[in-house]
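> Got a structure for you, final.txt, holding compact mmCIF, C-alpha atoms and all ligand atoms.
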```txt
# COMPACT_ATOMS: atom_id res chain seq x y z
CA MET A 1 -54.70 72.84 -68.13
CA ILE A 2 -54.29 69.06 -68.10
CA PRO A 3 -51.83 68.03 -70.78
CA THR A 4 -53.35 65.75 -73.33
CA LYS A 5 -51.97 62.21 -73.37
CA VAL A 6 -52.48 61.67 -77.08
CA PRO A 7 -49.06 61.97 -78.71
CA SER A 8 -49.32 64.16 -81.75
CA LEU A 9 -47.77 62.79 -84.92
CA PRO A 10 -44.96 64.98 -86.17
CA VAL A 11 -46.10 67.28 -88.96
CA PRO A 12 -44.00 66.51 -92.05
CA VAL A 13 -41.78 69.34 -93.21
CA VAL A 14 -43.01 69.07 -96.78
CA ARG A 15 -45.84 67.04 -98.14
CA LEU A 16 -47.48 66.47 -101.50
CA VAL A 17 -51.17 65.68 -101.35
CA GLY A 18 -52.87 64.13 -104.37
CA ALA A 19 -50.20 65.63 -106.56
CA GLY A 20 -50.40 65.31 -110.33
CA PHE A 21 -48.09 66.70 -112.96
CA ALA A 22 -47.65 66.62 -116.74
CA TYR A 23 -45.14 68.56 -118.82
CA GLU A 24 -46.63 70.77 -121.51
CA ASP A 25 -48.41 68.64 -124.13
CA GLY A 26 -47.07 65.50 -122.44
CA PRO A 27 -48.77 62.61 -120.67
CA ALA A 28 -49.16 62.61 -116.87
CA VAL A 29 -45.78 61.93 -115.25
CA LEU A 30 -47.26 61.73 -111.75
CA SER A 31 -50.83 61.48 -110.60
CA GLY A 32 -52.47 61.28 -107.19
CA VAL A 33 -49.12 61.19 -105.38
CA ASP A 34 -49.13 61.48 -101.61
CA PHE A 35 -45.69 61.89 -100.16
CA ALA A 36 -44.60 63.26 -96.81
CA VAL A 37 -41.01 63.99 -95.82
CA ALA A 38 -40.77 63.77 -92.05
CA GLU A 39 -38.04 65.48 -90.03
CA GLY A 40 -34.90 63.48 -89.28
CA ARG A 41 -35.25 60.79 -91.94
CA ALA A 42 -32.87 59.52 -94.58
CA VAL A 43 -35.07 58.74 -97.57
CA ALA A 44 -34.06 57.07 -100.83
CA LEU A 45 -36.26 57.88 -103.82
CA LEU A 46 -36.02 55.02 -106.29
CA GLY A 47 -37.52 54.16 -109.65
CA ARG A 48 -36.83 53.42 -113.28
CA ASN A 49 -35.31 55.93 -115.68
CA GLY A 50 -37.98 58.39 -116.70
CA GLY A 51 -40.13 57.24 -113.78
CA GLY A 52 -40.57 60.75 -112.42
CA LYS A 53 -37.96 61.02 -109.65
CA THR A 54 -36.57 64.34 -110.85
CA THR A 55 -40.07 65.67 -111.46
CA LEU A 56 -41.11 64.70 -107.93
CA LEU A 57 -38.07 66.44 -106.42
CA ARG A 58 -38.83 69.56 -108.43
CA LEU A 59 -42.41 69.57 -107.20
CA LEU A 60 -41.23 69.22 -103.60
CA SER A 61 -38.74 72.06 -103.95
CA GLY A 62 -41.15 74.40 -105.71
CA GLY A 63 -39.29 74.48 -109.04
CA LEU A 64 -42.38 72.98 -110.67
CA ARG A 65 -45.94 73.50 -109.58
CA CYS A 66 -48.42 70.62 -109.22
CA GLY A 67 -51.07 70.48 -111.96
CA SER A 68 -53.44 68.98 -109.41
CA GLY A 69 -53.22 68.50 -105.67
CA SER A 70 -51.03 70.61 -103.45
CA LEU A 71 -47.72 71.11 -101.70
CA LEU A 72 -47.71 71.74 -97.96
CA LEU A 73 -44.90 73.21 -95.88
CA ASP A 74 -45.32 72.58 -92.14
CA GLY A 75 -48.92 71.67 -92.84
CA ALA A 76 -49.81 74.89 -94.68
CA GLU A 77 -50.30 75.15 -98.44
CA VAL A 78 -47.35 76.74 -100.21
CA ALA A 79 -48.05 80.02 -101.96
CA TYR A 80 -46.16 80.25 -105.24
CA ASP A 81 -45.35 83.92 -104.84
CA ARG A 82 -41.98 85.41 -103.95
CA LYS A 83 -42.60 85.25 -100.22
CA GLY A 84 -44.01 81.71 -100.27
CA LEU A 85 -41.18 80.37 -102.41
CA THR A 86 -38.52 82.05 -100.27
CA ARG A 87 -40.07 80.42 -97.22
CA LEU A 88 -40.04 77.05 -99.00
CA ARG A 89 -36.41 77.47 -100.12
CA THR A 90 -35.18 78.27 -96.65
CA SER A 91 -36.63 74.92 -95.53
CA VAL A 92 -36.08 72.74 -98.59
CA GLN A 93 -33.12 72.77 -100.96
CA LEU A 94 -32.68 70.71 -104.10
CA VAL A 95 -29.26 69.88 -105.53
CA VAL A 96 -29.74 69.06 -109.21
CA GLN A 97 -28.03 66.09 -110.83
CA ASP A 98 -25.48 67.94 -112.94
CA PRO A 99 -23.35 70.31 -110.86
CA ASP A 100 -22.68 72.38 -113.99
CA ASP A 101 -26.37 73.31 -114.05
CA GLN A 102 -25.98 74.72 -110.56
CA LEU A 103 -22.52 76.27 -110.28
CA PHE A 104 -22.04 79.60 -112.02
CA ALA A 105 -19.89 81.94 -109.89
CA ALA A 106 -16.17 82.44 -110.47
CA SER A 107 -15.03 80.67 -107.30
CA VAL A 108 -16.36 78.00 -104.97
CA GLY A 109 -16.68 80.45 -102.07
CA GLN A 110 -18.61 82.96 -104.19
CA ASP A 111 -20.91 80.25 -105.44
CA VAL A 112 -21.68 78.91 -101.99
CA SER A 113 -22.33 82.43 -100.67
CA PHE A 114 -24.87 83.22 -103.38
CA GLY A 115 -27.95 81.75 -101.64
CA PRO A 116 -27.39 83.24 -98.18
CA THR A 117 -26.44 86.62 -99.71
CA ASN A 118 -29.66 86.55 -101.70
CA LEU A 119 -31.63 86.04 -98.48
CA GLY A 120 -30.30 89.43 -97.41
CA LEU A 121 -28.35 88.03 -94.46
CA PRO A 122 -25.64 90.18 -92.85
CA GLU A 123 -22.14 89.68 -94.27
CA GLU A 124 -20.84 88.09 -91.09
CA GLU A 125 -23.66 85.52 -91.10
CA VAL A 126 -23.02 84.75 -94.78
CA ARG A 127 -19.31 84.19 -94.05
CA LEU A 128 -20.16 81.88 -91.17
CA ARG A 129 -22.58 79.82 -93.25
CA VAL A 130 -20.18 79.53 -96.15
CA ALA A 131 -17.37 78.37 -93.85
CA GLU A 132 -19.71 75.87 -92.21
CA ALA A 133 -20.97 74.49 -95.54
CA LEU A 134 -17.47 74.16 -97.01
CA GLU A 135 -16.37 72.39 -93.85
CA ALA A 136 -19.36 70.03 -93.94
CA LEU A 137 -18.50 68.98 -97.51
CA ASP A 138 -14.77 68.88 -96.78
CA ILE A 139 -13.88 71.48 -99.43
CA THR A 140 -12.61 74.36 -97.26
CA ALA A 141 -9.29 74.24 -99.11
CA LEU A 142 -11.10 74.83 -102.40
CA ALA A 143 -12.84 78.09 -101.38
CA ASP A 144 -10.85 80.30 -103.76
CA ARG A 145 -10.59 77.78 -106.58
CA PRO A 146 -12.41 78.57 -109.85
CA THR A 147 -15.30 76.10 -110.12
CA HIS A 148 -14.37 75.11 -113.69
CA LEU A 149 -10.99 73.82 -112.51
CA LEU A 150 -12.50 71.36 -110.04
CA SER A 151 -12.90 67.63 -110.58
CA TYR A 152 -16.43 66.32 -111.12
CA GLY A 153 -16.62 65.02 -107.52
CA GLN A 154 -15.42 68.38 -106.19
CA ARG A 155 -18.00 70.20 -108.31
CA LYS A 156 -20.71 67.91 -106.93
CA ARG A 157 -19.63 68.71 -103.38
CA ALA A 158 -19.44 72.44 -104.16
CA ALA A 159 -23.01 72.33 -105.50
CA ILE A 160 -24.19 70.54 -102.35
CA ALA A 161 -22.35 73.09 -100.18
CA GLY A 162 -24.36 75.83 -101.91
CA ALA A 163 -27.57 74.14 -100.77
CA VAL A 164 -26.21 73.42 -97.28
CA ALA A 165 -25.31 77.10 -96.81
CA MET A 166 -29.05 77.80 -96.89
CA ARG A 167 -29.30 75.62 -93.75
CA PRO A 168 -32.30 73.72 -95.10
CA ARG A 169 -34.23 71.38 -92.86
CA VAL A 170 -34.61 69.05 -95.84
CA LEU A 171 -31.74 68.56 -98.26
CA MET A 172 -32.82 66.87 -101.48
CA MET A 173 -30.32 65.55 -103.98
CA ASP A 174 -30.90 64.18 -107.45
CA GLU A 175 -28.60 61.21 -108.10
CA PRO A 176 -25.77 62.65 -105.98
CA THR A 177 -23.49 59.63 -106.39
CA ALA A 178 -23.93 59.27 -110.17
CA GLY A 179 -20.60 59.75 -111.89
CA LEU A 180 -18.55 59.56 -108.67
CA ASP A 181 -15.79 57.01 -108.24
CA PRO A 182 -15.96 54.80 -105.10
CA HIS A 183 -13.71 57.17 -103.14
CA GLY A 184 -15.82 60.18 -104.15
CA GLN A 185 -18.94 58.30 -103.16
CA GLU A 186 -17.55 57.48 -99.69
CA ARG A 187 -16.54 61.13 -99.14
CA LEU A 188 -20.02 62.23 -100.08
CA LEU A 189 -21.59 59.70 -97.70
CA ASP A 190 -19.29 60.94 -94.91
CA ALA A 191 -20.50 64.47 -95.56
CA LEU A 192 -24.12 63.34 -95.50
CA ARG A 193 -23.49 61.52 -92.22
CA ARG A 194 -22.23 64.78 -90.67
CA LEU A 195 -25.23 66.71 -91.98
CA ARG A 196 -27.65 64.13 -90.65
CA GLU A 197 -25.94 64.22 -87.24
CA ALA A 198 -26.52 67.96 -87.27
CA GLY A 199 -30.23 67.25 -87.76
CA THR A 200 -30.70 67.66 -91.52
CA THR A 201 -33.29 65.46 -93.20
CA VAL A 202 -31.93 64.02 -96.44
CA LEU A 203 -33.87 62.81 -99.47
CA MET A 204 -31.83 61.29 -102.29
CA ALA A 205 -32.97 60.10 -105.71
CA THR A 206 -30.87 57.16 -106.82
CA HIS A 207 -30.89 53.98 -108.92
CA ASP A 208 -28.40 52.38 -106.59
CA VAL A 209 -30.38 49.88 -104.53
CA ASP A 210 -27.30 48.78 -102.53
CA LEU A 211 -26.61 52.37 -101.56
CA ALA A 212 -30.28 52.87 -100.65
CA LEU A 213 -30.33 49.80 -98.42
CA ARG A 214 -27.11 50.79 -96.73
CA TRP A 215 -27.80 54.47 -96.29
CA ALA A 216 -31.55 55.14 -96.06
CA ASP A 217 -34.04 54.30 -93.37
CA GLU A 218 -37.03 54.94 -95.59
CA ALA A 219 -37.65 54.30 -99.27
CA ALA A 220 -40.02 55.91 -101.72
CA VAL A 221 -40.37 53.78 -104.84
CA LEU A 222 -41.96 55.12 -108.03
CA SER A 223 -43.50 52.56 -110.35
CA PRO A 224 -46.28 52.82 -112.94
CA ALA A 225 -48.68 51.89 -110.12
CA GLY A 226 -47.73 55.02 -108.20
CA LEU A 227 -45.50 55.85 -105.25
CA ARG A 228 -44.93 53.37 -102.40
CA THR A 229 -43.21 54.48 -99.21
CA GLY A 230 -42.04 52.48 -96.22
CA PRO A 231 -39.01 51.05 -94.41
CA VAL A 232 -36.22 50.59 -96.93
CA ALA A 233 -35.49 46.94 -96.07
CA GLU A 234 -39.14 46.03 -96.45
CA LEU A 235 -39.72 47.75 -99.80
CA LEU A 236 -36.45 46.50 -101.30
CA ALA A 237 -37.39 42.92 -100.42
CA ASP A 238 -40.67 43.19 -102.37
CA ASP A 239 -40.03 41.40 -105.66
CA ALA A 240 -43.19 42.60 -107.37
CA LEU A 241 -42.41 46.21 -106.50
CA LEU A 242 -38.78 45.89 -107.62
CA ASP A 243 -39.90 44.44 -110.95
CA ALA A 244 -42.53 47.14 -111.46
CA ALA A 245 -39.93 49.81 -110.74
CA ARG A 246 -37.31 47.93 -112.82
CA LEU A 247 -34.92 47.77 -109.90
CA ARG A 248 -32.40 45.10 -109.15
CA ARG A 249 -32.46 43.16 -105.88
CA PRO A 250 -30.00 44.70 -103.45
CA TRP A 251 -27.00 42.60 -102.45
CA GLY A 252 -28.00 42.65 -98.75
CA THR A 253 -31.55 41.49 -99.46
CA ALA A 254 -30.28 38.63 -101.64
CA VAL A 255 -27.81 37.52 -98.93
CA ALA A 256 -30.48 37.70 -96.21
CA ARG A 257 -32.79 35.60 -98.35
CA LEU A 258 -30.11 32.91 -98.79
CA LEU A 259 -29.34 32.89 -95.06
CA ARG A 260 -33.03 32.57 -94.19
CA ALA A 261 -33.57 29.80 -96.75
CA ARG A 262 -30.81 27.82 -95.04
CA GLY A 263 -32.25 28.52 -91.61
CA LEU A 264 -29.24 30.60 -90.58
CA LEU A 265 -31.11 33.86 -90.03
CA ASP A 266 -34.39 34.19 -88.14
CA ALA A 267 -37.29 35.73 -90.01
CA GLY A 268 -37.36 38.83 -87.82
CA ALA A 269 -33.59 39.18 -87.27
CA PRO A 270 -31.82 42.24 -88.66
CA GLU A 271 -30.21 41.41 -91.97
CA PRO A 272 -26.71 42.24 -93.10
CA ARG A 273 -26.91 45.19 -95.52
CA THR A 274 -23.22 45.45 -96.41
CA PRO A 275 -20.24 43.06 -96.55
CA GLU A 276 -19.07 44.70 -93.28
CA ASP A 277 -22.43 43.83 -91.65
CA LEU A 278 -22.04 40.29 -92.92
CA ASP A 279 -18.58 40.09 -91.39
CA VAL A 280 -19.96 41.19 -88.00
CA TRP A 281 -22.83 38.75 -88.37
CA LEU A 282 -20.43 35.88 -89.20
CA GLY A 283 -18.38 36.73 -86.11
CA SER A 284 -21.40 36.58 -83.84
CA ALA A 285 -23.53 33.93 -85.55
CA ALA A 286 -24.64 31.38 -82.99
CA THR A 287 -24.94 28.66 -85.61
CA PRO A 288 -21.62 27.68 -87.14
CA LEU A 289 -21.84 27.86 -90.92
CA VAL A 290 -19.91 24.64 -91.36
CA THR A 291 -20.77 21.79 -89.02
CA GLU A 292 -18.47 18.83 -88.80
N1 LIG B 301 -38.61 69.26 -119.25
C1 LIG B 301 -39.33 68.24 -119.69
N2 LIG B 301 -40.22 68.38 -120.69
C2 LIG B 301 -40.99 67.35 -121.12
N3 LIG B 301 -40.94 66.11 -120.59
C3 LIG B 301 -40.06 65.90 -119.59
C4 LIG B 301 -39.22 66.94 -119.08
N4 LIG B 301 -38.48 66.43 -118.07
C5 LIG B 301 -38.83 65.13 -117.97
N5 LIG B 301 -39.78 64.80 -118.85
C6 LIG B 301 -40.43 63.48 -119.00
O1 LIG B 301 -41.09 63.17 -117.77
C7 LIG B 301 -40.90 61.82 -117.42
C8 LIG B 301 -40.27 61.72 -116.04
O2 LIG B 301 -38.95 62.22 -116.11
P1 LIG B 301 -38.04 62.42 -114.83
O3 LIG B 301 -38.82 63.08 -113.76
O4 LIG B 301 -36.81 63.12 -115.31
O5 LIG B 301 -37.73 60.91 -114.42
P2 LIG B 301 -36.47 60.29 -113.64
O6 LIG B 301 -35.79 61.38 -112.90
O7 LIG B 301 -37.08 59.25 -112.75
O8 LIG B 301 -35.59 59.66 -114.68
C9 LIG B 301 -40.09 61.20 -118.54
O9 LIG B 301 -40.97 60.59 -119.44
C10 LIG B 301 -39.41 62.38 -119.19
O10 LIG B 301 -39.16 62.14 -120.54
MG MG B 302 -33.87 62.05 -112.96
```
Can you turn what I pasted into structure tokens?

Amino acid sequence: MIPTKVPSLPVPVVRLVGAGFAYEDGPAVLSGVDFAVAEGRAVALLGRNGGGKTTLLRLLSGGLRCGSGSLLLDGAEVAYDRKGLTRLRTSVQLVVQDPDDQLFAASVGQDVSFGPTNLGLPEEEVRLRVAEALEALDITALADRPTHLLSYGQRKRAAIAGAVAMRPRVLMMDEPTAGLDPHGQERLLDALRRLREAGTTVLMATHDVDLALRWADEAAVLSPAGLRTGPVAELLADDALLDAARLRRPWGTAVARLLRARGLLDAGAPEPRTPEDLDVWLGSAATPLVTE
């Protein structure tokens, strides 16, 4: 057979099609939402408080069911029975915002082993996955520690390890950096970097536009007009969208705008997204900033 030359677009891992949702007796939180999470991406889900980020994540992970529209896993509609939901949960894991809503076992190790054990995996495989997840989140030394004696940042990482032990293709996290100090945030980002290098797709709901610009390659922005998706630098430079979603301008976007206004950065040139990027840019800038 002659191979076809038409490259096929990758099928998203999970996808919402025309999804609508309202809580009981409440107004519509989401309506007509189309959202595809493609393999290998780092996606920041942004939007105002109460904009529907958590609801969207719960629809994608099967915790809530769409009132209208549907959820697809690998292109096939998800069945909300035991088998269908188990299939979904082995591909997609959601880490909720408050680790205390997720952690319940006596020790970190026991908590992290809960998911894989529940899948009926052999003991040896469970041990391997737990060790791997603890290592990925840099909490191996905490395996035997009671979860209630951990710091908030450690509890966050333990909760994420529980999801990672399921070896999901898509790891979704609801405001994972909220409540972390700068050091805790950097440790979490290091862990996410390792997971992404291992091939995990990561979707993170956050209000932090600077973090989104620095970390994500794609953004999904919820505003009253609906959900917009696209390259993170492009969406976070869209003033109308930022206003509609009640988001601040990211630091990097503001700096790039100033540099462009002064003719120091070409329209199409990559913009500095962090102070470190700016430092590199200053070192290599062809145009001296101060001319004599
Ligand atoms: N369990 C619930 N019952 C009723 N309404 C809810 C519930 N959870 C959230 N909502 C409402 O749904 C809307 C979207 O909330 P949410 O998805 O939590 O937004 P976000 O995560 O962006 O802050 C809000 O108006 C919120 O008050
Ligand atoms: Mg929320």
> What separation in Å, quoted to one decimal, exists between atom CA of A:Leu119 and atom CA of A:Ser70?
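Answer for the atom CA of A:Leu119 to atom CA of A:Ser70 separation: 25.3 Å.
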> Produce as a ChimeraX atom specification the set of residues near ligand LIG 301 (chain B), where near means within 8 Å with all atoms listed in the file considered.
/A:22-24,26,29,46-56,174,205,222
> Go ahead and write the selection's residues with C-alpha atoms as a PDB file, in the coordinates of the input.

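So result09.pdb came out as:
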```pdb
ATOM      1  CA  ALA A  22     -47.650  66.620-116.740  1.00  0.00           C
ATOM      2  CA  TYR A  23     -45.140  68.560-118.820  1.00  0.00           C
ATOM      3  CA  GLU A  24     -46.630  70.770-121.510  1.00  0.00           C
ATOM      4  CA  GLY A  26     -47.070  65.500-122.440  1.00  0.00           C
ATOM      5  CA  VAL A  29     -45.780  61.930-115.250  1.00  0.00           C
ATOM      6  CA  LEU A  46     -36.020  55.020-106.290  1.00  0.00           C
ATOM      7  CA  GLY A  47     -37.520  54.160-109.650  1.00  0.00           C
ATOM      8  CA  ARG A  48     -36.830  53.420-113.280  1.00  0.00           C
ATOM      9  CA  ASN A  49     -35.310  55.930-115.680  1.00  0.00           C
ATOM     10  CA  GLY A  50     -37.980  58.390-116.700  1.00  0.00           C
ATOM     11  CA  GLY A  51     -40.130  57.240-113.780  1.00  0.00           C
ATOM     12  CA  GLY A  52     -40.570  60.750-112.420  1.00  0.00           C
ATOM     13  CA  LYS A  53     -37.960  61.020-109.650  1.00  0.00           C
ATOM     14  CA  THR A  54     -36.570  64.340-110.850  1.00  0.00           C
ATOM     15  CA  THR A  55     -40.070  65.670-111.460  1.00  0.00           C
ATOM     16  CA  LEU A  56     -41.110  64.700-107.930  1.00  0.00           C
ATOM     17  CA  ASP A 174     -30.900  64.180-107.450  1.00  0.00           C
ATOM     18  CA  ALA A 205     -32.970  60.100-105.710  1.00  0.00           C
ATOM     19  CA  LEU A 222     -41.960  55.120-108.030  1.00  0.00           C
TER      20      LEU A 222
END
```
> Set the distance at 9 Å and use all atoms listed in the file: which residues neighbour stretch 207-220 of chain A once local chain neighbours fewer than 5 positions away are removed? I'd like the list as a ChimeraX atom specification.
/A:35,41-49,175,177-178,189,202,227-236,247-253,273-274
> Can you find the residues with an atom no farther than 12 Å from (-34.3, 35.6, -87.8), counting only C-alpha atoms, and report them as a ChimeraX atom specification?
/A:256-257,259-272,281,285-287
> Which of these, A:Ala143, A:Val280, A:Leu134, A:Val13, has the shortest distance to A:Leu195 once you count all atoms listed in the file?
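Closest to A:Leu195, using all atoms listed in the file: A:Leu134.
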> May I have the protein, DNA and RNA residues with an atom at most 9 Å from (-17.2, 64.7, -109.6), counting only C-alpha atoms in the file's coordinates, returned as an NGL selection string?
:A and (99 or 150-157 or 177-181 or 184)
> Just write the chosen residues, C-alpha atoms, as a short mmCIF file (atom, residue, chain, number, x, y, z; two decimals), in the frame of the given file.

```
data_model
loop_
_atom_site.label_atom_id
_atom_site.label_comp_id
_atom_site.auth_asym_id
_atom_site.auth_seq_id
_atom_site.Cartn_x
_atom_site.Cartn_y
_atom_site.Cartn_z
CA PRO A 99 -23.35 70.31 -110.86
CA LEU A 150 -12.50 71.36 -110.04
CA SER A 151 -12.90 67.63 -110.58
CA TYR A 152 -16.43 66.32 -111.12
CA GLY A 153 -16.62 65.02 -107.52
CA GLN A 154 -15.42 68.38 -106.19
CA ARG A 155 -18.00 70.20 -108.31
CA LYS A 156 -20.71 67.91 -106.93
CA ARG A 157 -19.63 68.71 -103.38
CA THR A 177 -23.49 59.63 -106.39
CA ALA A 178 -23.93 59.27 -110.17
CA GLY A 179 -20.60 59.75 -111.89
CA LEU A 180 -18.55 59.56 -108.67
CA ASP A 181 -15.79 57.01 -108.24
CA GLY A 184 -15.82 60.18 -104.15
#
```
> With distances taken over all atoms listed in the file, which of A:Asp190, A:Ala79, A:Pro27, A:Leu203 is nearest to A:Val95?
A:Leu203
> To one decimal place in Å, what is the distance between atom CA of A:Arg89 and atom CA of A:Met204?
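Computed distance, atom CA of A:Arg89 to atom CA of A:Met204, equals 17.0 Å.
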> For the atom pair atom CA of A:Gln185 and atom CA of A:Ser107, what is the interatomic distance in Å to one decimal place?
23.1 Å
> With all atoms listed in the file as the atoms that count, which of A:Gln97, A:Gln102, A:Ser223, A:Thr90 lies nearest to ligand MG 302 (chain B)?
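Smallest distance to ligand MG 302 (chain B) is found for A:Gln97.
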> Put the listed atoms of stretch 273-285 of chain A in a box along x, y and z with 5 Å added on every side and give me the centre and edge lengths in Å to one decimal, as AutoDock Vina command-line options.

```
--center_x -22.6 --center_y 39.7 --center_z -90.2 --size_x 18.5 --size_y 21.5 --size_z 22.7
```
> With a distance cut-off of 7 Å and only C-alpha atoms, select the neighbouring residues of A:Ala36, excluding the residue or stretch itself and same-chain residues fewer than 6 positions from it, and output the selection as an NGL selection string.
:A and (12 or 14-16)
> Which of these, A:Gly120, A:Gly109, A:Gly84, A:Gly115, has the shortest distance to A:Ala158 once you count only C-alpha atoms?
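That would be A:Gly109, the residue with the smallest distance to A:Ala158.
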> Determine the nearest neighbour of ligand MG 302 (chain B) from the options A:Asp98, A:Asp138, A:Asp243, A:Asp34, counting all atoms listed in the file.
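Closest to ligand MG 302 (chain B), using all atoms listed in the file: A:Asp98.
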> Pick from A:Leu121, A:Leu30, A:Leu59, A:Val96: nearest to ligand MG 302 (chain B), with all atoms listed in the file counted?
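The closest residue to ligand MG 302 (chain B) is A:Val96.
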> Determine, counting all atoms listed in the file, which protein, DNA and RNA residues have an atom within 12 Å of an atom of A:Leu128; residues of the same chain fewer than 2 positions away are not included. Present the result as a short mmCIF file (atom, residue, chain, number, x, y, z; two decimals) with C-alpha atoms, in the frame of the given file.

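Written file, around_29.cif:
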```
data_model
loop_
_atom_site.label_atom_id
_atom_site.label_comp_id
_atom_site.auth_asym_id
_atom_site.auth_seq_id
_atom_site.Cartn_x
_atom_site.Cartn_y
_atom_site.Cartn_z
CA GLY A 109 -16.68 80.45 -102.07
CA VAL A 112 -21.68 78.91 -101.99
CA SER A 113 -22.33 82.43 -100.67
CA PRO A 116 -27.39 83.24 -98.18
CA THR A 117 -26.44 86.62 -99.71
CA LEU A 121 -28.35 88.03 -94.46
CA PRO A 122 -25.64 90.18 -92.85
CA GLU A 123 -22.14 89.68 -94.27
CA GLU A 124 -20.84 88.09 -91.09
CA GLU A 125 -23.66 85.52 -91.10
CA VAL A 126 -23.02 84.75 -94.78
CA VAL A 130 -20.18 79.53 -96.15
CA ALA A 131 -17.37 78.37 -93.85
CA GLU A 132 -19.71 75.87 -92.21
CA ALA A 133 -20.97 74.49 -95.54
CA LEU A 134 -17.47 74.16 -97.01
CA GLU A 135 -16.37 72.39 -93.85
CA ALA A 165 -25.31 77.10 -96.81
CA MET A 166 -29.05 77.80 -96.89
CA ARG A 167 -29.30 75.62 -93.75
#
```
> Write stretch 191-207 of chain A as a compact mmCIF listing (two decimals), in the frame of the given file, completed to N, CA and C atoms.

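Saved to result.txt:
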```txt
# COMPACT_ATOMS: atom_id res chain seq x y z
N ALA A 191 -19.94 63.12 -95.71
CA ALA A 191 -20.50 64.47 -95.56
C ALA A 191 -21.97 64.40 -95.18
N LEU A 192 -22.69 63.47 -95.81
CA LEU A 192 -24.12 63.34 -95.50
C LEU A 192 -24.32 62.87 -94.06
N ARG A 193 -23.41 61.99 -93.60
CA ARG A 193 -23.49 61.52 -92.22
C ARG A 193 -23.37 62.72 -91.26
N ARG A 194 -22.41 63.60 -91.53
CA ARG A 194 -22.23 64.78 -90.67
C ARG A 194 -23.47 65.67 -90.69
N LEU A 195 -24.03 65.85 -91.87
CA LEU A 195 -25.23 66.71 -91.98
C LEU A 195 -26.41 66.10 -91.23
N ARG A 196 -26.54 64.79 -91.34
CA ARG A 196 -27.65 64.13 -90.65
C ARG A 196 -27.45 64.21 -89.14
N GLU A 197 -26.21 64.08 -88.68
CA GLU A 197 -25.94 64.22 -87.24
C GLU A 197 -26.30 65.61 -86.75
N ALA A 198 -26.16 66.59 -87.64
CA ALA A 198 -26.52 67.96 -87.27
C ALA A 198 -28.03 68.18 -87.40
N GLY A 199 -28.77 67.15 -87.79
CA GLY A 199 -30.23 67.25 -87.76
C GLY A 199 -30.89 67.46 -89.12
N THR A 200 -30.11 67.44 -90.20
CA THR A 200 -30.70 67.66 -91.52
C THR A 200 -31.39 66.39 -92.02
N THR A 201 -32.58 66.55 -92.56
CA THR A 201 -33.29 65.46 -93.20
C THR A 201 -32.77 65.36 -94.63
N VAL A 202 -32.50 64.15 -95.10
CA VAL A 202 -31.93 64.02 -96.44
C VAL A 202 -32.80 63.10 -97.30
N LEU A 203 -33.11 63.59 -98.49
CA LEU A 203 -33.87 62.81 -99.47
C LEU A 203 -33.01 62.72 -100.73
N MET A 204 -32.73 61.48 -101.17
CA MET A 204 -31.83 61.29 -102.29
C MET A 204 -32.49 60.42 -103.36
N ALA A 205 -32.51 60.94 -104.60
CA ALA A 205 -32.97 60.10 -105.71
C ALA A 205 -31.78 59.30 -106.19
N THR A 206 -31.97 58.01 -106.38
CA THR A 206 -30.87 57.16 -106.82
C THR A 206 -31.39 55.91 -107.52
N HIS A 207 -30.55 55.29 -108.37
CA HIS A 207 -30.89 53.98 -108.92
C HIS A 207 -30.19 52.91 -108.11
```
